[in-house]
Amino acid sequence: MSGPAPGEAPPDPSAAVGVCTTSEAARLLGVSNTTVQTMVERGELHAWKTRGGHRRIARTAIDALREARAAGEAARRVDAAGVALLAVEPDAAARRRLEVAVAGWSEPVRLLWANDAFDALVAIERHRPDVLLTDLRATPIDGFEFLRRLRAVPEFRSVAVVVATALDDTDLAAHGGLPPGTARWGAPVPLDTLRGFVEACAIRKRLAASGGGVR
């Protein structure tokens, strides 16, 4: 027997077995309600609305995502010595430029890509990168709003954020400024500076894993 089509409510109460509310899904996944809503909007989680307008999410979709996250955690443990760098960059030429540069760095770097801000939020949830590289032209939401959403989620606050922008202090202040702790460089990002930043993150990560810490 087939289930409801996307966007449709279950035809009867018995069909609601194995579904969750947004809050329940957030609790099971260990993320915020906003992150769950973003996953639904991106099609990462199958959801529909009841006749009363309440969102319901299939438990099977949540379980599948948890399994994918567990696999991702295992991969990160294998690659614990390296740094995961997520770059929000839709341009193929710019991606190739970064790929060539990273290949020559002394520290191992796992390079991840996102086309836009929504892709980035989902990728951060899935992969928990060490470093995020973005500009302020992020779509479909404003780059400033994207960073504010990111910093509002406690489990994402460990991500080191690097912003490449040509905006000056006055322009940034007019938009409310950047979140505390955000590194800001010119655009295009200076690759030698990025290399030093990423390699410093790798050293800190390695020391933290060994229990040595950073003094």
# chains A, B, ... in the order shown; residues from 1 in each chain; ligands from 1

call {"tool": "residues_around", "arguments": {"residues": "range 98-108 of chain A", "least_positions_apart": "5", "cutoff": "8 Å", "atoms": "only C-alpha atoms", "output": "NGL selection string"}}
result
:A and (81-83 or 191 or 195 or 199 or 202)

call {"tool": "select_by_dssp", "arguments": {"residues": "range 128-161 of chain A", "states": "helix (DSSP H, G or I)", "output": "ChimeraX atom specification"}}
result
/A:143-152,154-156

call {"tool": "write_last_selection", "arguments": {"atoms": "N, CA and C atoms", "output": "PDB file, in the first residue's frame"}}
result
ATOM      1  N   GLY A 143      23.545  36.741   2.850  1.00  0.00           N
ATOM      2  CA  GLY A 143      24.726  36.195   3.491  1.00  0.00           C
ATOM      3  C   GLY A 143      24.828  36.527   4.968  1.00  0.00           C
ATOM      4  N   PHE A 144      24.398  37.716   5.351  1.00  0.00           N
ATOM      5  CA  PHE A 144      24.427  38.098   6.769  1.00  0.00           C
ATOM      6  C   PHE A 144      23.441  37.249   7.568  1.00  0.00           C
ATOM      7  N   GLU A 145      22.257  37.040   6.989  1.00  0.00           N
ATOM      8  CA  GLU A 145      21.250  36.215   7.654  1.00  0.00           C
ATOM      9  C   GLU A 145      21.732  34.767   7.755  1.00  0.00           C
ATOM     10  N   PHE A 146      22.397  34.292   6.721  1.00  0.00           N
ATOM     11  CA  PHE A 146      22.958  32.943   6.731  1.00  0.00           C
ATOM     12  C   PHE A 146      23.914  32.759   7.903  1.00  0.00           C
ATOM     13  N   LEU A 147      24.814  33.729   8.109  1.00  0.00           N
ATOM     14  CA  LEU A 147      25.773  33.625   9.205  1.00  0.00           C
ATOM     15  C   LEU A 147      25.084  33.723  10.559  1.00  0.00           C
ATOM     16  N   ARG A 148      24.060  34.567  10.651  1.00  0.00           N
ATOM     17  CA  ARG A 148      23.335  34.684  11.920  1.00  0.00           C
ATOM     18  C   ARG A 148      22.620  33.370  12.251  1.00  0.00           C
ATOM     19  N   ARG A 149      22.011  32.744  11.244  1.00  0.00           N
ATOM     20  CA  ARG A 149      21.351  31.455  11.466  1.00  0.00           C
ATOM     21  C   ARG A 149      22.367  30.405  11.906  1.00  0.00           C
ATOM     22  N   LEU A 150      23.514  30.419  11.264  1.00  0.00           N
ATOM     23  CA  LEU A 150      24.553  29.448  11.590  1.00  0.00           C
ATOM     24  C   LEU A 150      24.990  29.586  13.039  1.00  0.00           C
ATOM     25  N   ARG A 151      25.263  30.796  13.470  1.00  0.00           N
ATOM     26  CA  ARG A 151      25.746  31.022  14.823  1.00  0.00           C
ATOM     27  C   ARG A 151      24.653  30.848  15.872  1.00  0.00           C
ATOM     28  N   ALA A 152      23.393  30.855  15.447  1.00  0.00           N
ATOM     29  CA  ALA A 152      22.286  30.682  16.392  1.00  0.00           C
ATOM     30  C   ALA A 152      22.100  29.218  16.790  1.00  0.00           C
ATOM     31  N   PRO A 154      23.590  26.057  18.435  1.00  0.00           N
ATOM     32  CA  PRO A 154      24.721  25.755  19.334  1.00  0.00           C
ATOM     33  C   PRO A 154      25.689  24.719  18.779  1.00  0.00           C
ATOM     34  N   GLU A 155      25.168  23.674  18.129  1.00  0.00           N
ATOM     35  CA  GLU A 155      26.059  22.605  17.668  1.00  0.00           C
ATOM     36  C   GLU A 155      26.915  23.025  16.476  1.00  0.00           C
ATOM     37  N   PHE A 156      26.624  24.201  15.880  1.00  0.00           N
ATOM     38  CA  PHE A 156      27.428  24.674  14.749  1.00  0.00           C
ATOM     39  C   PHE A 156      28.472  25.709  15.165  1.00  0.00           C
TER      40      PHE A 156
END

call {"tool": "residues_around", "arguments": {"residues": "Val153 in chain A", "least_positions_apart": "5", "cutoff": "10 Å", "atoms": "only C-alpha atoms", "output": "short mmCIF file (atom, residue, chain, number, x, y, z; two decimals) with N, CA and C atoms, in the first residue's frame"}}
result
data_model
loop_
_atom_site.label_atom_id
_atom_site.label_comp_id
_atom_site.auth_asym_id
_atom_site.auth_seq_id
_atom_site.Cartn_x
_atom_site.Cartn_y
_atom_site.Cartn_z
N VAL A 31 19.32 18.44 16.63
CA VAL A 31 19.50 19.73 15.97
C VAL A 31 18.36 20.65 16.37
N SER A 32 18.37 21.86 15.84
CA SER A 32 17.31 22.82 16.14
C SER A 32 16.11 22.61 15.21
N ASN A 33 14.95 23.17 15.60
CA ASN A 33 13.78 23.12 14.74
C ASN A 33 14.05 23.80 13.40
N THR A 34 14.84 24.89 13.43
CA THR A 34 15.15 25.61 12.20
C THR A 34 15.93 24.72 11.24
N THR A 35 16.86 23.94 11.76
CA THR A 35 17.63 23.04 10.91
C THR A 35 16.73 21.99 10.28
N ARG A 148 24.06 34.57 10.65
CA ARG A 148 23.33 34.68 11.92
C ARG A 148 22.62 33.37 12.25
#

call {"tool": "closest_residue", "arguments": {"among": "A:Leu133, A:Ala61, A:Ala120, A:Leu207", "to": "Arg95 in chain A", "atoms": "only C-alpha atoms"}}
result
A:Leu133

call {"tool": "residues_around", "arguments": {"residues": "range 66-70 of chain A", "least_positions_apart": "6", "cutoff": "9 Å", "atoms": "only C-alpha atoms", "output": "list in words"}}
result
Leu28, Leu29, Glu125, Arg126 and His127 of chain A

call {"tool": "residues_around", "arguments": {"residues": "Val189 in chain A", "least_positions_apart": "4", "cutoff": "12 Å", "atoms": "only C-alpha atoms", "output": "PDB file with N, CA and C atoms, in the first residue's frame"}}
result
ATOM      1  N   ALA A  87      33.334  24.906   1.408  1.00  0.00           N
ATOM      2  CA  ALA A  87      33.346  26.164   0.658  1.00  0.00           C
ATOM      3  C   ALA A  87      32.005  26.370  -0.032  1.00  0.00           C
ATOM      4  N   GLU A  89      30.518  27.813  -2.860  1.00  0.00           N
ATOM      5  CA  GLU A  89      31.022  28.323  -4.130  1.00  0.00           C
ATOM      6  C   GLU A  89      30.348  27.603  -5.301  1.00  0.00           C
ATOM      7  N   ALA A  94      36.229  28.759  -9.902  1.00  0.00           N
ATOM      8  CA  ALA A  94      36.697  29.086  -8.554  1.00  0.00           C
ATOM      9  C   ALA A  94      36.920  27.820  -7.739  1.00  0.00           C
ATOM     10  N   ARG A  97      40.220  26.314  -8.814  1.00  0.00           N
ATOM     11  CA  ARG A  97      41.337  27.092  -8.269  1.00  0.00           C
ATOM     12  C   ARG A  97      41.632  26.673  -6.829  1.00  0.00           C
ATOM     13  N   LEU A  98      40.592  26.493  -6.029  1.00  0.00           N
ATOM     14  CA  LEU A  98      40.783  26.087  -4.636  1.00  0.00           C
ATOM     15  C   LEU A  98      41.266  24.641  -4.557  1.00  0.00           C
ATOM     16  N   ALA A 101      44.954  24.515  -5.240  1.00  0.00           N
ATOM     17  CA  ALA A 101      45.719  25.069  -4.124  1.00  0.00           C
ATOM     18  C   ALA A 101      45.779  24.087  -2.956  1.00  0.00           C
ATOM     19  N   LEU A 133      34.125  28.400   4.447  1.00  0.00           N
ATOM     20  CA  LEU A 133      34.554  29.532   3.626  1.00  0.00           C
ATOM     21  C   LEU A 133      33.367  29.993   2.794  1.00  0.00           C
ATOM     22  N   THR A 134      32.985  31.260   2.934  1.00  0.00           N
ATOM     23  CA  THR A 134      31.830  31.772   2.204  1.00  0.00           C
ATOM     24  C   THR A 134      32.022  33.250   1.907  1.00  0.00           C
ATOM     25  N   ASP A 135      31.153  33.776   1.051  1.00  0.00           N
ATOM     26  CA  ASP A 135      31.112  35.225   0.853  1.00  0.00           C
ATOM     27  C   ASP A 135      29.768  35.715   1.376  1.00  0.00           C
ATOM     28  N   VAL A 162      35.150  31.734   7.784  1.00  0.00           N
ATOM     29  CA  VAL A 162      35.968  32.687   7.038  1.00  0.00           C
ATOM     30  C   VAL A 162      35.082  33.322   5.970  1.00  0.00           C
ATOM     31  N   VAL A 163      35.015  34.652   5.955  1.00  0.00           N
ATOM     32  CA  VAL A 163      34.219  35.387   4.969  1.00  0.00           C
ATOM     33  C   VAL A 163      35.153  36.140   4.033  1.00  0.00           C
ATOM     34  N   ALA A 164      34.959  35.936   2.735  1.00  0.00           N
ATOM     35  CA  ALA A 164      35.703  36.676   1.726  1.00  0.00           C
ATOM     36  C   ALA A 164      34.778  37.748   1.155  1.00  0.00           C
ATOM     37  N   THR A 165      35.115  39.003   1.350  1.00  0.00           N
ATOM     38  CA  THR A 165      34.236  40.078   0.899  1.00  0.00           C
ATOM     39  C   THR A 165      35.034  41.336   0.587  1.00  0.00           C
ATOM     40  N   ALA A 166      34.511  42.134  -0.349  1.00  0.00           N
ATOM     41  CA  ALA A 166      35.116  43.427  -0.672  1.00  0.00           C
ATOM     42  C   ALA A 166      34.486  44.555   0.139  1.00  0.00           C
ATOM     43  N   ALA A 183      36.297  35.385  10.775  1.00  0.00           N
ATOM     44  CA  ALA A 183      37.485  35.910  10.104  1.00  0.00           C
ATOM     45  C   ALA A 183      37.055  36.552   8.787  1.00  0.00           C
ATOM     46  N   ARG A 184      37.561  37.752   8.495  1.00  0.00           N
ATOM     47  CA  ARG A 184      37.181  38.471   7.272  1.00  0.00           C
ATOM     48  C   ARG A 184      38.407  38.801   6.444  1.00  0.00           C
ATOM     49  N   TRP A 185      38.358  38.378   5.188  1.00  0.00           N
ATOM     50  CA  TRP A 185      39.439  38.689   4.249  1.00  0.00           C
ATOM     51  C   TRP A 185      38.843  39.268   2.977  1.00  0.00           C
ATOM     52  N   THR A 193      46.906  32.958   2.819  1.00  0.00           N
ATOM     53  CA  THR A 193      46.345  33.246   4.139  1.00  0.00           C
ATOM     54  C   THR A 193      45.401  32.125   4.567  1.00  0.00           C
ATOM     55  N   LEU A 194      44.579  31.667   3.628  1.00  0.00           N
ATOM     56  CA  LEU A 194      43.661  30.562   3.930  1.00  0.00           C
ATOM     57  C   LEU A 194      44.441  29.313   4.312  1.00  0.00           C
ATOM     58  N   ARG A 195      45.527  29.063   3.612  1.00  0.00           N
ATOM     59  CA  ARG A 195      46.354  27.893   3.941  1.00  0.00           C
ATOM     60  C   ARG A 195      46.845  27.967   5.384  1.00  0.00           C
ATOM     61  N   PHE A 197      45.563  29.587   7.874  1.00  0.00           N
ATOM     62  CA  PHE A 197      44.419  29.454   8.774  1.00  0.00           C
ATOM     63  C   PHE A 197      44.011  27.993   8.920  1.00  0.00           C
TER      64      PHE A 197
END

call {"tool": "atom_distance", "arguments": {"atom1": "CA of Leu112 in chain A", "atom2": "CA of Leu85 in chain A"}}
result
5.9 Å
